[in-house]
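Asks: Data file run_4.pdb (PDB, C-alpha atoms, pLDDT in the B column) is appended below.
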ATOM      1  CA  MET A   1      71.632 253.317 -44.039  1.00 86.00           C
ATOM      2  CA  ARG A   2      69.825 250.440 -45.709  1.00 95.00           C
ATOM      3  CA  ASP A   3      66.295 250.694 -44.283  1.00 98.00           C
ATOM      4  CA  PHE A   4      64.358 253.968 -44.348  1.00 98.00           C
ATOM      5  CA  ALA A   5      61.388 255.830 -45.785  1.00 98.00           C
ATOM      6  CA  ALA A   6      61.994 258.814 -48.054  1.00 98.00           C
ATOM      7  CA  ILE A   7      59.181 261.364 -47.814  1.00 98.00           C
ATOM      8  CA  ASP A   8      58.225 264.526 -49.659  1.00 98.00           C
ATOM      9  CA  PHE A   9      55.371 266.985 -49.194  1.00 98.00           C
ATOM     10  CA  GLU A  10      54.018 269.689 -51.471  1.00 97.00           C
ATOM     11  CA  THR A  11      52.057 272.546 -49.900  1.00 97.00           C
ATOM     12  CA  ALA A  12      49.139 274.657 -51.109  1.00 97.00           C
ATOM     13  CA  ASN A  13      50.248 277.897 -49.482  1.00 97.00           C
ATOM     14  CA  GLU A  14      52.769 279.427 -47.073  1.00 96.00           C
ATOM     15  CA  CYS A  15      51.447 277.398 -44.117  1.00 96.00           C
ATOM     16  CA  ARG A  16      53.414 274.238 -43.544  1.00 96.00           C
ATOM     17  CA  SER A  17      50.233 272.473 -42.484  1.00 97.00           C
ATOM     18  CA  SER A  18      48.776 272.981 -45.986  1.00 98.00           C
ATOM     19  CA  VAL A  19      50.122 269.721 -47.374  1.00 98.00           C
ATOM     20  CA  CYS A  20      48.348 268.967 -50.645  1.00 98.00           C
ATOM     21  CA  SER A  21      50.315 265.893 -51.731  1.00 98.00           C
ATOM     22  CA  VAL A  22      52.702 263.367 -50.241  1.00 98.00           C
ATOM     23  CA  GLY A  23      55.084 260.821 -51.698  1.00 98.00           C
ATOM     24  CA  VAL A  24      56.721 258.036 -49.700  1.00 98.00           C
ATOM     25  CA  VAL A  25      59.332 255.545 -50.900  1.00 98.00           C
ATOM     26  CA  ILE A  26      60.217 252.570 -48.698  1.00 98.00           C
ATOM     27  CA  VAL A  27      63.770 251.222 -48.865  1.00 98.00           C
ATOM     28  CA  ARG A  28      64.747 247.929 -47.242  1.00 98.00           C
ATOM     29  CA  ASN A  29      68.142 246.285 -47.525  1.00 97.00           C
ATOM     30  CA  GLY A  30      69.207 249.097 -49.850  1.00 96.00           C
ATOM     31  CA  LYS A  31      66.423 248.498 -52.398  1.00 97.00           C
ATOM     32  CA  ILE A  32      63.163 250.291 -53.096  1.00 97.00           C
ATOM     33  CA  VAL A  33      60.399 247.875 -52.114  1.00 98.00           C
ATOM     34  CA  ASP A  34      57.269 250.017 -51.941  1.00 98.00           C
ATOM     35  CA  SER A  35      55.912 253.482 -52.610  1.00 98.00           C
ATOM     36  CA  PHE A  36      52.836 255.557 -51.896  1.00 98.00           C
ATOM     37  CA  TYR A  37      51.390 258.757 -53.324  1.00 98.00           C
ATOM     38  CA  SER A  38      48.270 260.692 -52.467  1.00 98.00           C
ATOM     39  CA  LEU A  39      46.702 264.056 -52.991  1.00 98.00           C
ATOM     40  CA  ILE A  40      45.545 265.659 -49.733  1.00 98.00           C
ATOM     41  CA  HIS A  41      42.815 268.207 -49.070  1.00 98.00           C
ATOM     42  CA  PRO A  42      44.922 271.049 -47.598  1.00 98.00           C
ATOM     43  CA  GLU A  43      44.352 272.892 -44.334  1.00 96.00           C
ATOM     44  CA  PRO A  44      44.104 275.859 -44.510  1.00 96.00           C
ATOM     45  CA  GLU A  45      42.085 275.350 -47.634  1.00 94.00           C
ATOM     46  CA  TYR A  46      43.461 277.811 -50.190  1.00 94.00           C
ATOM     47  CA  TYR A  47      46.180 277.829 -52.831  1.00 95.00           C
ATOM     48  CA  GLN A  48      48.739 280.524 -53.486  1.00 89.00           C
ATOM     49  CA  TRP A  49      49.480 281.217 -57.130  1.00 91.00           C
ATOM     50  CA  PHE A  50      53.206 280.595 -56.606  1.00 88.00           C
ATOM     51  CA  CYS A  51      52.637 277.136 -55.127  1.00 87.00           C
ATOM     52  CA  CYS A  52      50.409 276.148 -58.047  1.00 86.00           C
ATOM     53  CA  GLN A  53      53.150 277.281 -60.431  1.00 86.00           C
ATOM     54  CA  VAL A  54      55.773 275.187 -58.630  1.00 84.00           C
ATOM     55  CA  HIS A  55      53.978 271.832 -58.387  1.00 92.00           C
ATOM     56  CA  GLY A  56      51.028 272.249 -60.734  1.00 89.00           C
ATOM     57  CA  LEU A  57      48.365 271.390 -58.154  1.00 96.00           C
ATOM     58  CA  CYS A  58      45.388 273.691 -57.549  1.00 94.00           C
ATOM     59  CA  ALA A  59      42.123 273.573 -55.603  1.00 95.00           C
ATOM     60  CA  GLU A  60      40.261 271.591 -58.252  1.00 95.00           C
ATOM     61  CA  ASP A  61      42.887 268.842 -57.944  1.00 96.00           C
ATOM     62  CA  THR A  62      42.372 268.358 -54.211  1.00 97.00           C
ATOM     63  CA  ASP A  63      38.751 269.401 -53.610  1.00 96.00           C
ATOM     64  CA  SER A  64      37.673 265.770 -53.299  1.00 97.00           C
ATOM     65  CA  ALA A  65      40.987 264.445 -51.910  1.00 98.00           C
ATOM     66  CA  PRO A  66      41.051 262.893 -48.440  1.00 98.00           C
ATOM     67  CA  VAL A  67      42.097 264.965 -45.435  1.00 98.00           C
ATOM     68  CA  PHE A  68      45.516 264.313 -43.901  1.00 98.00           C
ATOM     69  CA  PRO A  69      44.460 261.903 -41.106  1.00 98.00           C
ATOM     70  CA  ARG A  70      42.882 259.542 -43.681  1.00 98.00           C
ATOM     71  CA  VAL A  71      46.047 259.588 -45.775  1.00 98.00           C
ATOM     72  CA  TRP A  72      48.329 259.141 -42.765  1.00 98.00           C
ATOM     73  CA  GLU A  73      46.355 256.040 -41.724  1.00 98.00           C
ATOM     74  CA  LYS A  74      47.764 254.396 -44.857  1.00 98.00           C
ATOM     75  CA  ILE A  75      51.310 255.733 -44.477  1.00 98.00           C
ATOM     76  CA  ALA A  76      51.892 255.088 -40.762  1.00 98.00           C
ATOM     77  CA  PRO A  77      52.018 251.267 -41.031  1.00 98.00           C
ATOM     78  CA  MET A  78      54.358 251.494 -44.034  1.00 98.00           C
ATOM     79  CA  ILE A  79      56.936 253.606 -42.191  1.00 98.00           C
ATOM     80  CA  GLU A  80      56.637 252.053 -38.746  1.00 97.00           C
ATOM     81  CA  GLY A  81      60.087 251.605 -37.202  1.00 96.00           C
ATOM     82  CA  LEU A  82      61.864 253.338 -40.084  1.00 98.00           C
ATOM     83  CA  PRO A  83      63.797 256.594 -39.980  1.00 98.00           C
ATOM     84  CA  LEU A  84      62.502 259.226 -42.403  1.00 98.00           C
ATOM     85  CA  VAL A  85      64.679 260.857 -45.026  1.00 98.00           C
ATOM     86  CA  ALA A  86      63.947 264.105 -46.861  1.00 98.00           C
ATOM     87  CA  HIS A  87      65.836 266.615 -48.984  1.00 98.00           C
ATOM     88  CA  ASN A  88      65.856 269.719 -46.796  1.00 97.00           C
ATOM     89  CA  SER A  89      64.276 267.752 -43.985  1.00 97.00           C
ATOM     90  CA  GLN A  90      63.495 270.893 -41.964  1.00 97.00           C
ATOM     91  CA  PHE A  91      60.731 271.667 -44.450  1.00 97.00           C
ATOM     92  CA  ASP A  92      59.180 268.181 -44.593  1.00 98.00           C
ATOM     93  CA  GLU A  93      59.539 267.546 -40.862  1.00 98.00           C
ATOM     94  CA  GLY A  94      58.016 270.976 -40.238  1.00 97.00           C
ATOM     95  CA  CYS A  95      55.087 270.129 -42.515  1.00 98.00           C
ATOM     96  CA  LEU A  96      54.519 266.850 -40.723  1.00 98.00           C
ATOM     97  CA  LYS A  97      54.614 268.407 -37.259  1.00 98.00           C
ATOM     98  CA  GLU A  98      52.319 271.276 -38.256  1.00 98.00           C
ATOM     99  CA  VAL A  99      49.695 269.104 -39.917  1.00 98.00           C
ATOM    100  CA  PHE A 100      49.724 266.766 -36.903  1.00 98.00           C
ATOM    101  CA  LYS A 101      49.014 269.844 -34.719  1.00 98.00           C
ATOM    102  CA  VAL A 102      46.200 271.076 -36.960  1.00 97.00           C
ATOM    103  CA  TYR A 103      44.416 267.735 -36.708  1.00 98.00           C
ATOM    104  CA  GLN A 104      45.294 267.318 -33.003  1.00 98.00           C
ATOM    105  CA  MET A 105      47.120 264.056 -33.666  1.00 98.00           C
ATOM    106  CA  ASP A 106      49.850 262.734 -31.350  1.00 97.00           C
ATOM    107  CA  TYR A 107      53.206 263.210 -33.098  1.00 96.00           C
ATOM    108  CA  PRO A 108      55.375 260.086 -32.704  1.00 94.00           C
ATOM    109  CA  ASP A 109      58.781 261.894 -32.803  1.00 91.00           C
ATOM    110  CA  TYR A 110      59.953 260.499 -36.109  1.00 96.00           C
ATOM    111  CA  THR A 111      63.699 260.528 -36.702  1.00 97.00           C
ATOM    112  CA  PHE A 112      64.608 262.545 -39.810  1.00 98.00           C
ATOM    113  CA  TYR A 113      67.791 262.500 -41.878  1.00 98.00           C
ATOM    114  CA  ASP A 114      68.580 265.223 -44.383  1.00 98.00           C
ATOM    115  CA  THR A 115      69.934 264.397 -47.851  1.00 98.00           C
ATOM    116  CA  LEU A 116      70.532 268.110 -48.519  1.00 98.00           C
ATOM    117  CA  ALA A 117      72.985 268.282 -45.612  1.00 97.00           C
ATOM    118  CA  ALA A 118      74.563 264.998 -46.730  1.00 97.00           C
ATOM    119  CA  SER A 119      74.967 266.320 -50.273  1.00 97.00           C
ATOM    120  CA  ARG A 120      76.594 269.530 -49.046  1.00 97.00           C
ATOM    121  CA  ARG A 121      79.001 267.514 -46.908  1.00 97.00           C
ATOM    122  CA  LEU A 122      79.778 264.663 -49.319  1.00 96.00           C
ATOM    123  CA  GLN A 123      79.373 266.273 -52.754  1.00 95.00           C
ATOM    124  CA  PRO A 124      81.254 269.590 -52.376  1.00 96.00           C
ATOM    125  CA  GLU A 125      82.057 269.620 -56.092  1.00 97.00           C
ATOM    126  CA  LEU A 126      78.429 270.140 -57.135  1.00 96.00           C
ATOM    127  CA  GLU A 127      77.440 273.560 -58.502  1.00 97.00           C
ATOM    128  CA  ASN A 128      74.445 273.484 -56.106  1.00 97.00           C
ATOM    129  CA  HIS A 129      72.765 270.940 -53.886  1.00 97.00           C
ATOM    130  CA  GLN A 130      69.213 271.190 -55.162  1.00 96.00           C
ATOM    131  CA  LEU A 131      67.335 267.910 -55.288  1.00 97.00           C
ATOM    132  CA  GLN A 132      67.668 267.407 -59.047  1.00 96.00           C
ATOM    133  CA  THR A 133      71.412 268.201 -58.976  1.00 97.00           C
ATOM    134  CA  ALA A 134      72.225 265.908 -56.057  1.00 97.00           C
ATOM    135  CA  ALA A 135      70.032 263.157 -57.514  1.00 97.00           C
ATOM    136  CA  ALA A 136      71.754 263.388 -60.911  1.00 97.00           C
ATOM    137  CA  ALA A 137      75.136 263.047 -59.197  1.00 96.00           C
ATOM    138  CA  CYS A 138      73.798 259.835 -57.631  1.00 95.00           C
ATOM    139  CA  GLY A 139      72.601 258.447 -60.961  1.00 94.00           C
ATOM    140  CA  TYR A 140      68.911 259.419 -60.774  1.00 94.00           C
ATOM    141  CA  ASP A 141      67.310 261.546 -63.494  1.00 94.00           C
ATOM    142  CA  LEU A 142      64.553 263.577 -61.835  1.00 94.00           C
ATOM    143  CA  VAL A 143      62.233 264.374 -64.738  1.00 90.00           C
ATOM    144  CA  ASN A 144      59.059 265.209 -62.772  1.00 87.00           C
ATOM    145  CA  HIS A 145      60.467 267.589 -60.143  1.00 90.00           C
ATOM    146  CA  HIS A 146      57.938 268.841 -57.564  1.00 90.00           C
ATOM    147  CA  HIS A 147      55.747 265.761 -57.910  1.00 94.00           C
ATOM    148  CA  ALA A 148      55.886 264.417 -54.355  1.00 97.00           C
ATOM    149  CA  LEU A 149      56.484 260.790 -55.344  1.00 98.00           C
ATOM    150  CA  ALA A 150      59.175 261.638 -57.894  1.00 97.00           C
ATOM    151  CA  ASP A 151      60.915 263.862 -55.351  1.00 97.00           C
ATOM    152  CA  ALA A 152      60.706 261.151 -52.671  1.00 98.00           C
ATOM    153  CA  GLU A 153      62.211 258.644 -55.102  1.00 97.00           C
ATOM    154  CA  ALA A 154      65.043 261.048 -55.968  1.00 98.00           C
ATOM    155  CA  CYS A 155      65.655 261.535 -52.268  1.00 98.00           C
ATOM    156  CA  ALA A 156      65.750 257.768 -51.761  1.00 98.00           C
ATOM    157  CA  TYR A 157      68.443 257.442 -54.442  1.00 97.00           C
ATOM    158  CA  ILE A 158      70.518 260.162 -52.814  1.00 97.00           C
ATOM    159  CA  ALA A 159      70.129 258.509 -49.407  1.00 97.00           C
ATOM    160  CA  MET A 160      71.092 255.070 -50.746  1.00 97.00           C
ATOM    161  CA  GLU A 161      74.241 256.610 -52.221  1.00 95.00           C
ATOM    162  CA  LEU A 162      75.276 259.036 -49.468  1.00 95.00           C
ATOM    163  CA  LEU A 163      73.860 257.927 -46.114  1.00 90.00           C
TER     164      LEU A 163
END
Could you render the structure from this file as structure tokens?

Replies:
Amino acid sequence: MRDFAAIDFETANECRSSVCSVGVVIVRNGKIVDSFYSLIHPEPEYYQWFCCQVHGLCAEDTDSAPVFPRVWEKIAPMIEGLPLVAHNSQFDEGCLKEVFKVYQMDYPDYTFYDTLAASRRLQPELENHQLQTAAAACGYDLVNHHHALADAEACAYIAMELL
């Protein structure tokens, strides 16, 4: 696959609709050509301690951030016509579908590919298939894990190598 958009969401709490940041990396002809990152005001509007510990974002970081529909207005034209790629795509696709429901937006049935599944299938020698492990095996050093843009970029590298 040479043209796609890698996407990653971070969430504020256990609800998949509570996206609080998004990273998108656009790949065309096998090269990264664009990227996008934004904080998002989550819905529902609360943070669980565990989530803050994982990605470092808390309420004060997103209190004045735009709501999801405003952010998606910027992303939608970037990804138009492209398949989406995520590491453990069930999570990111689930987030996208749930936040579309919350804001009563029409979901366009995006096609998702999963780099976690590809890593399990094509990198059986790895000790695990976590994002940072699979990315390292593909030559990408993920130093800012759980930052949505860094994770999307790591996913893009895995996809360019394995898909």

Asks: Please report as JSON lines every residue of stretch 102-147 of chain A lying within 10 Å of stretch 58-73 of chain A, along with the nearest atom pair and their distance in Å (one decimal), using all atoms listed in the file.

Replies:
{"residue": "A:Val102", "atom": "CA", "partner": "A:Phe68", "partner_atom": "CA", "distance": 9.7}
{"residue": "A:Tyr103", "atom": "CA", "partner": "A:Pro69", "partner_atom": "CA", "distance": 7.3}
{"residue": "A:Gln104", "atom": "CA", "partner": "A:Pro69", "partner_atom": "CA", "distance": 9.8}
{"residue": "A:Met105", "atom": "CA", "partner": "A:Pro69", "partner_atom": "CA", "distance": 8.2}

Asks: Could you name the residues that touch A:Ala137 at 9 Å or less, counting all atoms listed in the file, but leaving out those on the same chain fewer than 3 positions away, as a PyMOL selection string?

Replies: chain A and resi 123+126+132-134+140+158

Asks: Identify, on the basis of only C-alpha atoms, every residue whose closest approach to A:Gln130 does not exceed 12 Å; exclude the query and any residue fewer than 6 positions from it along the same chain; express the result as JSON, numbers by chain.

Replies: {"A": [87, 88, 115, 116, 117, 118, 119, 120, 123, 136, 137, 142, 145, 146, 151, 154, 155, 158]}

Asks: I want to know what sits within 10 Å of A:Cys52, based on only C-alpha atoms, with residues of the same chain fewer than 4 positions away left out; could you give that as a VMD selection string?

Replies: chain A and resid 10 to 13 47 to 48 56 to 59

Asks: Calculate how many Å separate atom CA of A:Met78 from atom CA of A:Cys95, rounding to one decimal.

Replies: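 Straight-line distance from atom CA of A:Met78 to atom CA of A:Cys95 works out to 18.7 Å.
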
Asks: Once the PyMOL selection byres ((chain A and resi 19-36) around 8) has been evaluated on this model, what residues remain selected, and can you format them as a PyMOL selection string?

Replies: chain A and resi 1-12+16-18+37-43+57+62+68+75+78-79+95+99+147-153+156+160

Asks: Suppose you want the space between atom CA of A:Val85 and atom CA of A:Asp114; what is it in Å?

Replies: 5.9 Å

Asks: Just how far from atom CA of A:Asp141 is atom CA of A:Ala76, in Å to one decimal?

Replies: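 It comes out at 28.2 Å.
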
Asks: Which residue, A:Phe112, A:Glu45, A:Gln53, A:Glu161, has the smallest gap to A:Ala86 when you use only C-alpha atoms?

Replies: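 Smallest distance to A:Ala86 is found for A:Phe112.
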
Asks: Listed atoms of stretch 23-41 of chain A, axis-aligned box, 8 Å per side: centre and edge lengths to one decimal in Å, as lines of an AutoDock Vina configuration file?

Replies:
center_x = 56.0
center_y = 257.2
center_z = -50.3
size_x = 42.4
size_y = 37.9
size_z = 22.1

Asks: Applying the PyMOL selection byres ((chain A and resi 110) around 10) to the file I just gave you, which residues come out? Please list them as a list in words.

Replies: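 On this input, the PyMOL selection byres ((chain A and resi 110) around 10) captures Ile79, Glu80, Gly81, Leu82, Pro83, Leu84, Glu93, Leu96, Lys97, Tyr107, Pro108, Asp109, Thr111, Phe112 and Tyr113 of chain A.
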
Asks: Could you write out that same residue set with C-alpha atoms as a tab-separated table (two decimals), in the coordinates of the input?

Replies:
chain	number	residue	atom	x	y	z
A	79	ILE	CA	56.94	253.61	-42.19
A	80	GLU	CA	56.64	252.05	-38.75
A	81	GLY	CA	60.09	251.60	-37.20
A	82	LEU	CA	61.86	253.34	-40.08
A	83	PRO	CA	63.80	256.59	-39.98
A	84	LEU	CA	62.50	259.23	-42.40
A	93	GLU	CA	59.54	267.55	-40.86
A	96	LEU	CA	54.52	266.85	-40.72
A	97	LYS	CA	54.61	268.41	-37.26
A	107	TYR	CA	53.21	263.21	-33.10
A	108	PRO	CA	55.38	260.09	-32.70
A	109	ASP	CA	58.78	261.89	-32.80
A	111	THR	CA	63.70	260.53	-36.70
A	112	PHE	CA	64.61	262.54	-39.81
A	113	TYR	CA	67.79	262.50	-41.88
